[in-house]
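> The structure that follows is given in the form of structure tokens.
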Amino acid sequence: METLRVRALKNAEFVLSKVMGLGSQVADEDFFSQLSSTNTTLRKEKVLIVSNSKTELGLVDLWCKAAQALGLEWQHLFYDDTVPLEVIDEEKKIEEYIQRVELAKADVCIRLATDCVNMCRSLCDYASSVGLRTAEMPGLTIDSLASPAITESPEAMLQRETELLNYLHDIRWLIFSSGDGTFLQIGLDPSEPWQSDPSSFRGFYEDGTVPVDNFPGRELYKNVARQEVEGQVVLDALDTYVEPFGIVDSPVVLKFHHGRLVLIEGANSARRLIRYISETSKGDMDCDAAFGVGEIAIGLNYKADWYSRALSIPTLIVEKSPRFHFALGASSIWNSCLVNLANVAYSAVHLDIVLLRKHQVGAIYPDGSQRLLFGAAGSIERYGQSA
């Protein structure tokens with residue numbers, strides 16, 4: 001019987017092969033047999049594996065073994081993230097880290113480190129500028145590396161995206177509701193297109209034109225109309241995932257008015273949420289950004305769905321499951337030419353909130369027509385059914 005570590009090792013080899021543009025897009029037994037039968041690759045490349053104090057013990061060793069199995073040269077870069085940013089200059093810390101990456105002279109980077117938004121964006125921008133093909137895997141664990149979500153078919157997710165865009169592209173309002181008190185309406189700008197992780201399918205595996213992305217894929221996301229978030233959402237214990245805390249351990253109520261988070265009610269999880277937002281956003285130029293909804297998104301990875309309730313799962317997989325999630329704080333901008341800059345929020349906070357319970361989600365279009373996207377007990381297969 002295949003052990004967890006063996007499956008995790010195979011999946012690490014699969015990810016490396018995808019980043020380098022080798023092999024089949026499907027992680028079937030023939031693919032893994034092909035990998036195990038040779039220790040040479042189509043081209044020699046160097047892999048840089050980046051970790052920090054938050055990286056699970058033993059995970060780096062698995063990635064090193066995966067690189068060895070593919071005949072790749074590898075190097076491990078550990079950087080100390082235990083010194084608070086208030087003590088040292090953040091820009092200097094980023095500059096020093098980038099210098100260490102430059103010295104490694106790698107072709108491929110597997111980033112397991114979990115960083116603040118500013119550092120993450122700076123490192124991604126650097127990687128893009130020099131063509132360093134990077135798989136961002138913050139918060140990854142050995143358990144989640146063994147997940148089937150890692151090897152979901154890119155073609156299948158791309159097809160779901162195409163189908164879903166038929167119903168999402170011109171939505172004016174999204175309405176979330178449930179029997180536990182959730183009723184939240186989020187305004188969207190129909191003229192602004194939904195975006196997706198471009199490098200999950202094009203460039204990332206081939207020519208490196210868009211070399212940085214979260215792995216695994218995939219999701220559709222969009223900025224919200226910043227002043228048009230109204231109502232409240234109830235985050236149920238054990239049914240809501242909040243980055244960076246994981247599953248919430250006690251109910252939390254978030255109340256919004258004119259796009260701003262005006263009240264957080266609850267016990268332990270609520271207090272942690274308030275403290276995290278307040279401390280992380282201290283350096284923000286826009287003091288309101290951290291307390292607004294910066295992004296709405298929906299995942300397209302079916303294989304992430306069954307796994308999303310595991311307590312050890314990181315955000316990068318939970319948010320790819322086929323359900324809506326929204327983020328407090330910063331917007332995600334892969335292509336600034338596609339967005340209305342008035343809807344862009346800049347903050348050190350980007351806190352993804354994934355509603356694991358299947359909420360009812362309705363859509364209102366500019367002409368006033370309505371559609372039920374998700375029933376209360378539904379899933380992504382229900383999108384497109386009329387209300």
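Residue numbering restarts at 1 for every chain of the structure tokens, chains are lettered A, B, ... in their displayed order, and ligands are numbered from 1 as they appear.
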I need the residues of range 50-274 of chain A that end up classed as alpha helix (DSSP H) by DSSP on the backbone, written out as a ChimeraX atom specification.
/A:59-69,90-104,117-130,142-145,154-168,268-274
> Please compute the CA of Gln370 in chain A-CA of Glu228 in chain A distance, one decimal, in Å.
18.0 Å
> Please measure the separation of CA of Arg172 in chain A and CA of Lys255 in chain A, giving the value in Å to one decimal.
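One can read the CA of Arg172 in chain A to CA of Lys255 in chain A distance as 20.8 Å.
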> Find the spatial neighbours of Ala297 in chain A, counting only C-alpha atoms, within a cut-off of 8 Å - ignore same-chain residues fewer than 6 positions away - and output them as a PyMOL selection string.
chain A and resi 219-222+324-326
> For a quick check of understanding, using only C-alpha atoms, which of A:Lys44, A:Arg226, A:His350, A:Lys92 has the smallest distance to Ser332 in chain A?
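Going through A:Lys44, A:Arg226, A:His350, A:Lys92 one by one, the smallest distance to Ser332 in chain A is for A:His350.
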> As a list in words, please: every residue in range 161-204 of chain A that a backbone DSSP assignment puts in strand (DSSP E or B).
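Selection result, strand (DSSP E or B) within range 161-204 of chain A: Trp173, Leu174, Ile175, Phe176, Ser177, Phe183, Leu184, Gln185, Ile186, Gly187, Gln195 and Ser196 of chain A.
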> What would the file look like if the residues just selected were written as an mmCIF file, in the first residue's frame with all heavy atoms?

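Output below, filename selection31.cif:
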```cif
data_model
loop_
_atom_site.group_PDB
_atom_site.id
_atom_site.type_symbol
_atom_site.label_atom_id
_atom_site.label_comp_id
_atom_site.auth_asym_id
_atom_site.auth_seq_id
_atom_site.Cartn_x
_atom_site.Cartn_y
_atom_site.Cartn_z
ATOM 1 N N TRP A 173 -24.349 42.109 -8.983
ATOM 2 C CA TRP A 173 -24.330 41.827 -7.541
ATOM 3 C C TRP A 173 -24.254 40.329 -7.303
ATOM 4 O O TRP A 173 -24.901 39.549 -8.008
ATOM 5 C CB TRP A 173 -25.594 42.355 -6.855
ATOM 6 C CG TRP A 173 -25.758 43.835 -6.854
ATOM 7 C CD1 TRP A 173 -26.406 44.592 -7.793
ATOM 8 C CD2 TRP A 173 -25.264 44.759 -5.879
ATOM 9 N NE1 TRP A 173 -26.347 45.909 -7.469
ATOM 10 C CE2 TRP A 173 -25.661 46.056 -6.292
ATOM 11 C CE3 TRP A 173 -24.545 44.607 -4.691
ATOM 12 C CZ2 TRP A 173 -25.346 47.192 -5.574
ATOM 13 C CZ3 TRP A 173 -24.231 45.749 -3.972
ATOM 14 C CH2 TRP A 173 -24.620 47.020 -4.404
ATOM 15 N N LEU A 174 -23.484 39.924 -6.295
ATOM 16 C CA LEU A 174 -23.505 38.557 -5.772
ATOM 17 C C LEU A 174 -24.155 38.609 -4.393
ATOM 18 O O LEU A 174 -23.808 39.459 -3.560
ATOM 19 C CB LEU A 174 -22.096 37.977 -5.651
ATOM 20 C CG LEU A 174 -21.467 37.418 -6.928
ATOM 21 C CD1 LEU A 174 -20.010 37.048 -6.661
ATOM 22 C CD2 LEU A 174 -22.225 36.201 -7.441
ATOM 23 N N ILE A 175 -25.093 37.689 -4.139
ATOM 24 C CA ILE A 175 -25.806 37.651 -2.868
ATOM 25 C C ILE A 175 -25.534 36.312 -2.190
ATOM 26 O O ILE A 175 -25.829 35.248 -2.744
ATOM 27 C CB ILE A 175 -27.333 37.806 -3.068
ATOM 28 C CG1 ILE A 175 -27.650 38.991 -3.993
ATOM 29 C CG2 ILE A 175 -28.020 37.934 -1.721
ATOM 30 C CD1 ILE A 175 -27.278 40.333 -3.431
ATOM 31 N N PHE A 176 -24.950 36.351 -0.989
ATOM 32 C CA PHE A 176 -24.684 35.151 -0.196
ATOM 33 C C PHE A 176 -25.713 35.074 0.931
ATOM 34 O O PHE A 176 -25.940 36.065 1.638
ATOM 35 C CB PHE A 176 -23.283 35.191 0.415
ATOM 36 C CG PHE A 176 -22.178 35.123 -0.593
ATOM 37 C CD1 PHE A 176 -21.787 36.250 -1.301
ATOM 38 C CD2 PHE A 176 -21.525 33.932 -0.854
ATOM 39 C CE1 PHE A 176 -20.774 36.198 -2.239
ATOM 40 C CE2 PHE A 176 -20.513 33.857 -1.785
ATOM 41 C CZ PHE A 176 -20.135 34.992 -2.474
ATOM 42 N N SER A 177 -26.325 33.903 1.122
ATOM 43 C CA SER A 177 -27.289 33.751 2.201
ATOM 44 C C SER A 177 -27.261 32.332 2.739
ATOM 45 O O SER A 177 -26.852 31.393 2.051
ATOM 46 C CB SER A 177 -28.705 34.092 1.716
ATOM 47 O OG SER A 177 -29.105 33.211 0.679
ATOM 48 N N PHE A 183 -26.336 37.074 5.270
ATOM 49 C CA PHE A 183 -26.933 37.738 4.106
ATOM 50 C C PHE A 183 -25.976 38.859 3.720
ATOM 51 O O PHE A 183 -25.913 39.899 4.374
ATOM 52 C CB PHE A 183 -28.319 38.302 4.393
ATOM 53 C CG PHE A 183 -28.989 38.792 3.133
ATOM 54 C CD1 PHE A 183 -29.685 37.919 2.316
ATOM 55 C CD2 PHE A 183 -28.878 40.117 2.743
ATOM 56 C CE1 PHE A 183 -30.273 38.350 1.123
ATOM 57 C CE2 PHE A 183 -29.461 40.564 1.556
ATOM 58 C CZ PHE A 183 -30.171 39.680 0.757
ATOM 59 N N LEU A 184 -25.212 38.609 2.683
ATOM 60 C CA LEU A 184 -24.155 39.532 2.282
ATOM 61 C C LEU A 184 -24.279 39.803 0.797
ATOM 62 O O LEU A 184 -24.354 38.876 -0.009
ATOM 63 C CB LEU A 184 -22.788 38.931 2.587
ATOM 64 C CG LEU A 184 -21.567 39.801 2.291
ATOM 65 C CD1 LEU A 184 -21.495 40.961 3.271
ATOM 66 C CD2 LEU A 184 -20.286 38.966 2.366
ATOM 67 N N GLN A 185 -24.326 41.075 0.423
ATOM 68 C CA GLN A 185 -24.352 41.438 -0.990
ATOM 69 C C GLN A 185 -23.059 42.164 -1.349
ATOM 70 O O GLN A 185 -22.614 43.062 -0.642
ATOM 71 C CB GLN A 185 -25.575 42.275 -1.333
ATOM 72 C CG GLN A 185 -25.772 43.534 -0.528
ATOM 73 C CD GLN A 185 -27.086 44.226 -0.871
ATOM 74 O OE1 GLN A 185 -28.040 43.592 -1.322
ATOM 75 N NE2 GLN A 185 -27.124 45.541 -0.679
ATOM 76 N N ILE A 186 -22.468 41.726 -2.457
ATOM 77 C CA ILE A 186 -21.181 42.261 -2.909
ATOM 78 C C ILE A 186 -21.361 42.810 -4.319
ATOM 79 O O ILE A 186 -21.754 42.083 -5.240
ATOM 80 C CB ILE A 186 -20.090 41.168 -2.891
ATOM 81 C CG1 ILE A 186 -19.880 40.662 -1.463
ATOM 82 C CG2 ILE A 186 -18.790 41.694 -3.473
ATOM 83 C CD1 ILE A 186 -18.867 39.537 -1.359
ATOM 84 N N GLY A 187 -21.075 44.105 -4.483
ATOM 85 C CA GLY A 187 -21.196 44.739 -5.786
ATOM 86 C C GLY A 187 -19.981 44.492 -6.654
ATOM 87 O O GLY A 187 -18.840 44.488 -6.178
ATOM 88 N N GLN A 195 -10.504 37.467 -13.783
ATOM 89 C CA GLN A 195 -9.166 37.027 -14.155
ATOM 90 C C GLN A 195 -8.910 35.629 -13.581
ATOM 91 O O GLN A 195 -9.584 35.186 -12.656
ATOM 92 C CB GLN A 195 -8.109 38.000 -13.633
ATOM 93 C CG GLN A 195 -8.270 39.411 -14.203
ATOM 94 C CD GLN A 195 -7.141 40.319 -13.768
ATOM 95 O OE1 GLN A 195 -5.982 40.126 -14.136
ATOM 96 N NE2 GLN A 195 -7.476 41.321 -12.977
ATOM 97 N N SER A 196 -7.925 34.969 -14.130
ATOM 98 C CA SER A 196 -7.554 33.641 -13.633
ATOM 99 C C SER A 196 -6.046 33.572 -13.488
ATOM 100 O O SER A 196 -5.332 34.492 -13.885
ATOM 101 C CB SER A 196 -8.062 32.547 -14.578
ATOM 102 O OG SER A 196 -7.528 32.717 -15.870
#
```
> Rounded to one decimal, what separation in Å do you get between CA of Pro322 in chain A and CA of Ala304 in chain A?
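Calculated distance between CA of Pro322 in chain A and CA of Ala304 in chain A is 7.7 Å.
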> Can you work out which one of A:Asn223, A:Leu355, A:Ser53, A:Leu235 has the shortest atom-to-atom distance to Ser191 in chain A, counting only C-alpha atoms?
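Nearest to Ser191 in chain A: A:Asn223.
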> I'd like the neighbourhood of Ile150 in chain A as a ChimeraX atom specification, where a residue qualifies if any of its atoms comes within 10 Å (using only C-alpha atoms), though same-chain residues fewer than 2 positions away should be ignored.
/A:8,11-12,14-15,27,144-148,152-153,215-217,301,303-304,317
> Write the residues you've just listed into a file as a short mmCIF file (atom, residue, chain, number, x, y, z; two decimals), in the first residue's frame, and include all heavy atoms for each of them.

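Writing done, so here's part35.cif:
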```cif
data_model
loop_
_atom_site.label_atom_id
_atom_site.label_comp_id
_atom_site.auth_asym_id
_atom_site.auth_seq_id
_atom_site.Cartn_x
_atom_site.Cartn_y
_atom_site.Cartn_z
N ALA A 8 3.39 11.83 -1.60
CA ALA A 8 3.85 13.21 -1.58
C ALA A 8 5.09 13.38 -2.45
O ALA A 8 5.23 14.38 -3.18
CB ALA A 8 4.15 13.65 -0.14
N ASN A 11 4.08 13.36 -6.09
CA ASN A 11 3.44 14.62 -6.46
C ASN A 11 4.45 15.76 -6.58
O ASN A 11 4.31 16.65 -7.42
CB ASN A 11 2.36 14.99 -5.45
CG ASN A 11 1.11 14.13 -5.61
OD1 ASN A 11 1.02 13.30 -6.52
ND2 ASN A 11 0.15 14.32 -4.72
N ALA A 12 5.50 15.72 -5.74
CA ALA A 12 6.56 16.73 -5.85
C ALA A 12 7.28 16.58 -7.19
O ALA A 12 7.60 17.58 -7.85
CB ALA A 12 7.54 16.59 -4.69
N PHE A 14 5.94 15.40 -9.88
CA PHE A 14 4.98 15.88 -10.88
C PHE A 14 5.03 17.40 -11.00
O PHE A 14 5.06 17.94 -12.11
CB PHE A 14 3.57 15.42 -10.48
CG PHE A 14 2.48 15.98 -11.34
CD1 PHE A 14 2.21 15.44 -12.59
CD2 PHE A 14 1.72 17.06 -10.91
CE1 PHE A 14 1.19 15.97 -13.39
CE2 PHE A 14 0.71 17.59 -11.70
CZ PHE A 14 0.45 17.04 -12.95
N VAL A 15 5.02 18.10 -9.86
CA VAL A 15 5.07 19.57 -9.89
C VAL A 15 6.34 20.05 -10.57
O VAL A 15 6.30 20.95 -11.42
CB VAL A 15 4.97 20.14 -8.46
CG1 VAL A 15 5.21 21.65 -8.47
CG2 VAL A 15 3.61 19.83 -7.85
N ALA A 27 -1.43 13.30 -14.35
CA ALA A 27 -0.62 12.56 -13.39
C ALA A 27 -1.16 11.14 -13.26
O ALA A 27 -1.72 10.75 -12.25
CB ALA A 27 -0.62 13.25 -12.04
N SER A 144 -0.72 17.73 2.71
CA SER A 144 -1.38 18.38 1.58
C SER A 144 -0.64 18.15 0.27
O SER A 144 -1.26 18.14 -0.81
CB SER A 144 -1.55 19.88 1.83
OG SER A 144 -0.31 20.48 2.14
N LEU A 145 0.68 17.94 0.32
CA LEU A 145 1.44 17.62 -0.89
C LEU A 145 0.99 16.28 -1.47
O LEU A 145 1.04 16.07 -2.68
CB LEU A 145 2.93 17.60 -0.60
CG LEU A 145 3.87 17.28 -1.76
CD1 LEU A 145 3.65 18.25 -2.92
CD2 LEU A 145 5.33 17.30 -1.31
N ALA A 146 0.51 15.39 -0.61
CA ALA A 146 0.02 14.08 -1.06
C ALA A 146 -1.40 14.15 -1.59
O ALA A 146 -1.93 13.16 -2.10
CB ALA A 146 0.09 13.08 0.09
N SER A 147 -2.04 15.31 -1.52
CA SER A 147 -3.42 15.46 -1.94
C SER A 147 -3.58 15.30 -3.44
O SER A 147 -2.74 15.77 -4.22
CB SER A 147 -3.94 16.84 -1.52
OG SER A 147 -5.10 17.20 -2.24
N PRO A 148 -4.68 14.70 -3.90
CA PRO A 148 -4.97 14.63 -5.34
C PRO A 148 -5.10 16.01 -5.98
O PRO A 148 -4.93 16.15 -7.19
CB PRO A 148 -6.31 13.87 -5.39
CG PRO A 148 -6.37 13.10 -4.12
CD PRO A 148 -5.68 13.96 -3.10
N GLU A 152 -4.49 17.76 -10.19
CA GLU A 152 -5.71 17.93 -10.98
C GLU A 152 -5.36 18.36 -12.41
O GLU A 152 -4.41 19.11 -12.65
CB GLU A 152 -6.61 18.99 -10.32
CG GLU A 152 -7.83 19.42 -11.13
CD GLU A 152 -8.85 18.31 -11.36
OE1 GLU A 152 -8.46 17.25 -11.89
OE2 GLU A 152 -10.03 18.50 -11.01
N SER A 153 -6.13 17.88 -13.38
CA SER A 153 -5.86 18.13 -14.79
C SER A 153 -6.05 19.61 -15.14
O SER A 153 -7.14 20.16 -14.94
CB SER A 153 -6.80 17.29 -15.66
OG SER A 153 -6.82 17.77 -16.99
N PHE A 215 0.57 27.06 -6.83
CA PHE A 215 0.40 25.70 -7.30
C PHE A 215 -0.17 24.91 -6.14
O PHE A 215 0.34 25.00 -5.03
CB PHE A 215 1.77 25.11 -7.72
CG PHE A 215 1.67 24.03 -8.74
CD1 PHE A 215 2.04 24.25 -10.06
CD2 PHE A 215 1.19 22.77 -8.40
CE1 PHE A 215 1.96 23.25 -11.01
CE2 PHE A 215 1.10 21.77 -9.34
CZ PHE A 215 1.49 22.01 -10.65
N PRO A 216 -1.28 24.20 -6.32
CA PRO A 216 -1.95 23.91 -7.59
C PRO A 216 -2.92 25.02 -7.98
O PRO A 216 -3.16 25.95 -7.22
CB PRO A 216 -2.73 22.64 -7.25
CG PRO A 216 -3.10 22.83 -5.81
CD PRO A 216 -1.91 23.49 -5.18
N GLY A 217 -3.47 24.92 -9.21
CA GLY A 217 -4.51 25.83 -9.67
C GLY A 217 -5.86 25.21 -9.36
O GLY A 217 -5.93 24.08 -8.88
N ASN A 301 -10.87 23.59 -8.83
CA ASN A 301 -10.17 22.31 -8.66
C ASN A 301 -11.09 21.34 -7.93
O ASN A 301 -11.23 21.39 -6.71
CB ASN A 301 -8.87 22.55 -7.87
CG ASN A 301 -7.97 21.33 -7.85
OD1 ASN A 301 -8.43 20.19 -7.81
ND2 ASN A 301 -6.66 21.57 -7.85
N LYS A 303 -10.68 18.25 -7.31
CA LYS A 303 -9.97 17.33 -6.40
C LYS A 303 -9.66 17.99 -5.06
O LYS A 303 -9.31 17.30 -4.11
CB LYS A 303 -8.68 16.85 -7.06
CG LYS A 303 -8.90 15.90 -8.23
CD LYS A 303 -7.59 15.39 -8.77
CE LYS A 303 -7.80 14.41 -9.92
NZ LYS A 303 -6.51 13.91 -10.46
N ALA A 304 -9.78 19.31 -4.98
CA ALA A 304 -9.55 20.00 -3.72
C ALA A 304 -10.79 19.99 -2.84
O ALA A 304 -10.72 20.28 -1.65
CB ALA A 304 -9.12 21.44 -3.98
N ILE A 317 -4.70 25.29 -1.25
CA ILE A 317 -5.55 24.23 -1.77
C ILE A 317 -7.01 24.51 -1.45
O ILE A 317 -7.90 24.34 -2.28
CB ILE A 317 -5.13 22.86 -1.23
CG1 ILE A 317 -3.76 22.46 -1.83
CG2 ILE A 317 -6.16 21.79 -1.58
CD1 ILE A 317 -3.25 21.12 -1.39
#
```
> I'd like to know which of A:Ser278, A:Ser128, A:Thr151, A:Thr3 is closest to Tyr302 in chain A, using only C-alpha atoms.
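Smallest separation from Tyr302 in chain A among the options: A:Thr151.
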> Using only C-alpha atoms for the distances, tell me which of A:Glu295, A:Glu192, A:Asp180, A:Asp249 is nearest to Val224 in chain A.
A:Glu295
> Which of these residues is nearest to Tyr346 in chain A, using only C-alpha atoms: A:Leu188, A:Val262, A:Ala66, A:Ala289?
A:Ala289
